[in-house]
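Notes follow once the structure below has been shown.
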Amino acid sequence: MDKKAENILKVNEIFYSIQGESTYAGLPCVFIRLTYCNLRCAYCDTEYAFYEGEDLTFDQILDRVKQFGCNLVEVTGGEPLVQKNALFLMTLLCDAGYEVLLETGGHIDISRVDARVKRIMDIKCPSGGEADKTLFSNIEHLRNSDQVKFVIGDRRDFDYAAEIVRKYRLTEKCPVLFSPVFGKLENKTLAEWILDERLPVRMQIQLQKYIWDAQRRGV
Ligand code: SF4
């Protein structure tokens with residue numbers, strides 16, 4: 001690697017907002033959105049992060065994060081694990097005393113992520129068009145501090161997710177989140193399916209889309 005590039009990550013945006021997803025929903029959080037993703041989910045709401053961004057050094061990123069005065073930090077994307085330096089950034093954030101969350105699509109190995117990081121890992125469902133990319137070996141690396149998220153677009157997705165939850169006994173490993181695709185599947189419908197199936201999963205909605213304009217960046 002180019003010497004100058006060793007310290008650098010391409011960053012789409014760094015912002016401070018209310019955490020909208022996961023069991024951390026509702027808490028103030030600093031988000032570091034890294035550029036690039038090698039998937040193209042049909043429901044993606046961060047396509048602007050596929051290519052846009054600026055090269056920042058680790059020091060510049062840490063300086064910007066520090067300015068918000070918030071101890072909870074999420075590394076997200078795009079797909080943050082596309083950039084190898086994301087692993088080192090998370091370690092630096094942990095060393096600096098932050099509580100660090102990682103949002104990842106579940107198609108890249110999570111085993112090398114610093115053990116102090118809480119990983120929120122998607123398992124992609126069929127309607128998004130990328131379910132075949134899931135790296136199921138990631139499941140064996142999950143800890144009870146991690147979370148698994150399914151984004152559900154229709155009944156087929158729900159049945160697929162329910163089958164995986166049962167097959168891998170996911171709810172015994174960590175919290176499992178079921179989230180409706182915003183604007184496609186009604187919250188009430190997903191709630192009814194979860195209740196009917198007696199699935200011990202946590203339904204979540206993307207809180208940020210109810211607080212702010214659903215199209216707004218940096219939330
Ligand atoms: S993994 Fe995330 S960022 Fe990438 S296409 Fe899917 S939803 Fe968008």
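Residues are named by chain letter and number: chains run A, B, ... in the order of the structure tokens, numbers start at 1 in each chain, and ligands are numbered from 1 in the order shown.
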Practice problem: Based on DSSP run over this structure's backbone, return all residues of segment 135-218 of chain A in helix (DSSP H, G or I), as a PyMOL selection string. | Solution: chain A and resi 136-141+155-167+170-173+187-197+207-211
Please build the interface table for chain A against ligand 1 with a cut-off of 6 Å, listing for each qualifying residue the nearest atom pair and the distance in Å to one decimal; count only C-alpha atoms and all ligand atoms, order rows by chain and increasing number, and write it as JSON lines.
```
{"residue": "A:Cys37", "atom": "CA", "partner": "ligand 1", "partner_atom_place_in_ligand_line": "4 (Fe)", "distance": 4.8}
{"residue": "A:Leu39", "atom": "CA", "partner": "ligand 1", "partner_atom_place_in_ligand_line": "5 (S)", "distance": 4.5}
{"residue": "A:Arg40", "atom": "CA", "partner": "ligand 1", "partner_atom_place_in_ligand_line": "5 (S)", "distance": 3.8}
{"residue": "A:Cys41", "atom": "CA", "partner": "ligand 1", "partner_atom_place_in_ligand_line": "6 (Fe)", "distance": 4.1}
{"residue": "A:Cys44", "atom": "CA", "partner": "ligand 1", "partner_atom_place_in_ligand_line": "8 (Fe)", "distance": 4.0}
{"residue": "A:Thr46", "atom": "CA", "partner": "ligand 1", "partner_atom_place_in_ligand_line": "8 (Fe)", "distance": 5.6}
{"residue": "A:Gly77", "atom": "CA", "partner": "ligand 1", "partner_atom_place_in_ligand_line": "3 (S)", "distance": 5.6}
{"residue": "A:Gly78", "atom": "CA", "partner": "ligand 1", "partner_atom_place_in_ligand_line": "3 (S)", "distance": 3.6}
{"residue": "A:Glu79", "atom": "CA", "partner": "ligand 1", "partner_atom_place_in_ligand_line": "3 (S)", "distance": 5.4}
{"residue": "A:Gly105", "atom": "CA", "partner": "ligand 1", "partner_atom_place_in_ligand_line": "1 (S)", "distance": 4.7}
```
Any chance you can output those residues with C-alpha atoms as a PDB file, in the first residue's frame?
```pdb
ATOM      1  CA  CYS A  37     -20.340  -0.869  -0.792  1.00  0.00           C
ATOM      2  CA  LEU A  39     -23.759  -4.869  -2.623  1.00  0.00           C
ATOM      3  CA  ARG A  40     -26.728  -3.161  -4.291  1.00  0.00           C
ATOM      4  CA  CYS A  41     -29.758  -3.901  -2.088  1.00  0.00           C
ATOM      5  CA  CYS A  44     -30.762   0.836  -0.079  1.00  0.00           C
ATOM      6  CA  THR A  46     -27.497   5.317   1.329  1.00  0.00           C
ATOM      7  CA  GLY A  77     -21.708   2.830   5.408  1.00  0.00           C
ATOM      8  CA  GLY A  78     -22.086   1.894   2.639  1.00  0.00           C
ATOM      9  CA  GLU A  79     -20.311  -1.216   3.811  1.00  0.00           C
ATOM     10  CA  GLY A 105     -24.165  -6.151   5.703  1.00  0.00           C
TER      11      GLY A 105
END
```
Hey, which bits of segment 68-87 of chain A sit within 12 Å of segment 109-127 of chain A, and for each residue what's the closest pair of atoms and how far apart in Å (one decimal), counting only C-alpha atoms, rows by chain and increasing number, as a Markdown table?
```
| residue | atom | partner | partner_atom | distance |
| --- | --- | --- | --- | --- |
| A:Leu72 | CA | A:Lys118 | CA | 11.0 |
| A:Val73 | CA | A:Val117 | CA | 10.0 |
| A:Glu74 | CA | A:Lys118 | CA | 9.2 |
| A:Val75 | CA | A:Arg119 | CA | 9.7 |
| A:Thr76 | CA | A:Ile120 | CA | 9.7 |
| A:Glu79 | CA | A:Met121 | CA | 10.9 |
| A:Pro80 | CA | A:Ile110 | CA | 11.0 |
| A:Leu81 | CA | A:Ile110 | CA | 8.2 |
| A:Val82 | CA | A:Asp109 | CA | 10.2 |
| A:Lys84 | CA | A:Arg112 | CA | 10.2 |
| A:Asn85 | CA | A:Val113 | CA | 10.9 |
| A:Ala86 | CA | A:Val113 | CA | 8.9 |
| A:Leu87 | CA | A:Val113 | CA | 5.8 |
```
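Ranking A:Gln208, A:Thr91, A:Gln60, A:Gln147 by their shortest atom-to-atom distance to Leu177 of chain A, with only C-alpha atoms included, puts A:Gln147 first.
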Exercise. Going by DSSP on the backbone, which bits of segment 37-187 of chain A are strand (DSSP E)? Write them as a PyMOL selection string, please.
Key: chain A and resi 54-57+72-76+99-104+118-122+147-152+176-180
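Atom CA of Leu135 of chain A lies 26.7 Å from atom CA of Arg198 of chain A.
In this comparison, which uses only C-alpha atoms, the residue of A:Thr35, A:Phe150, A:Val165, A:Leu185 approaching Glu21 of chain A most closely is A:Phe150.
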Quiz item: What lies within 6 Å of segment 16-19 of chain A using only C-alpha atoms, ignoring chain neighbours under 3 positions off, as a list in words?
Solution: Ala25, Gly26, Leu27, Pro28, Cys29, Val30 and Val219 of chain A
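Take the candidates A:Met90, A:Ala96, A:Ala42, A:Val65 and check each one against Glu13 of chain A using only C-alpha atoms; the shortest distance goes to A:Val65.
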Quiz item: Which residue, A:His141, A:Asp132, A:Thr189, A:Phe182, has the smallest gap to Phe158 of chain A when you use only C-alpha atoms?
Solution: A:Thr189
Quiz item: Suppose you want the space between atom CA of Leu56 of chain A and atom CA of Ile8 of chain A; what is it in Å?
Solution: 5.4 Å
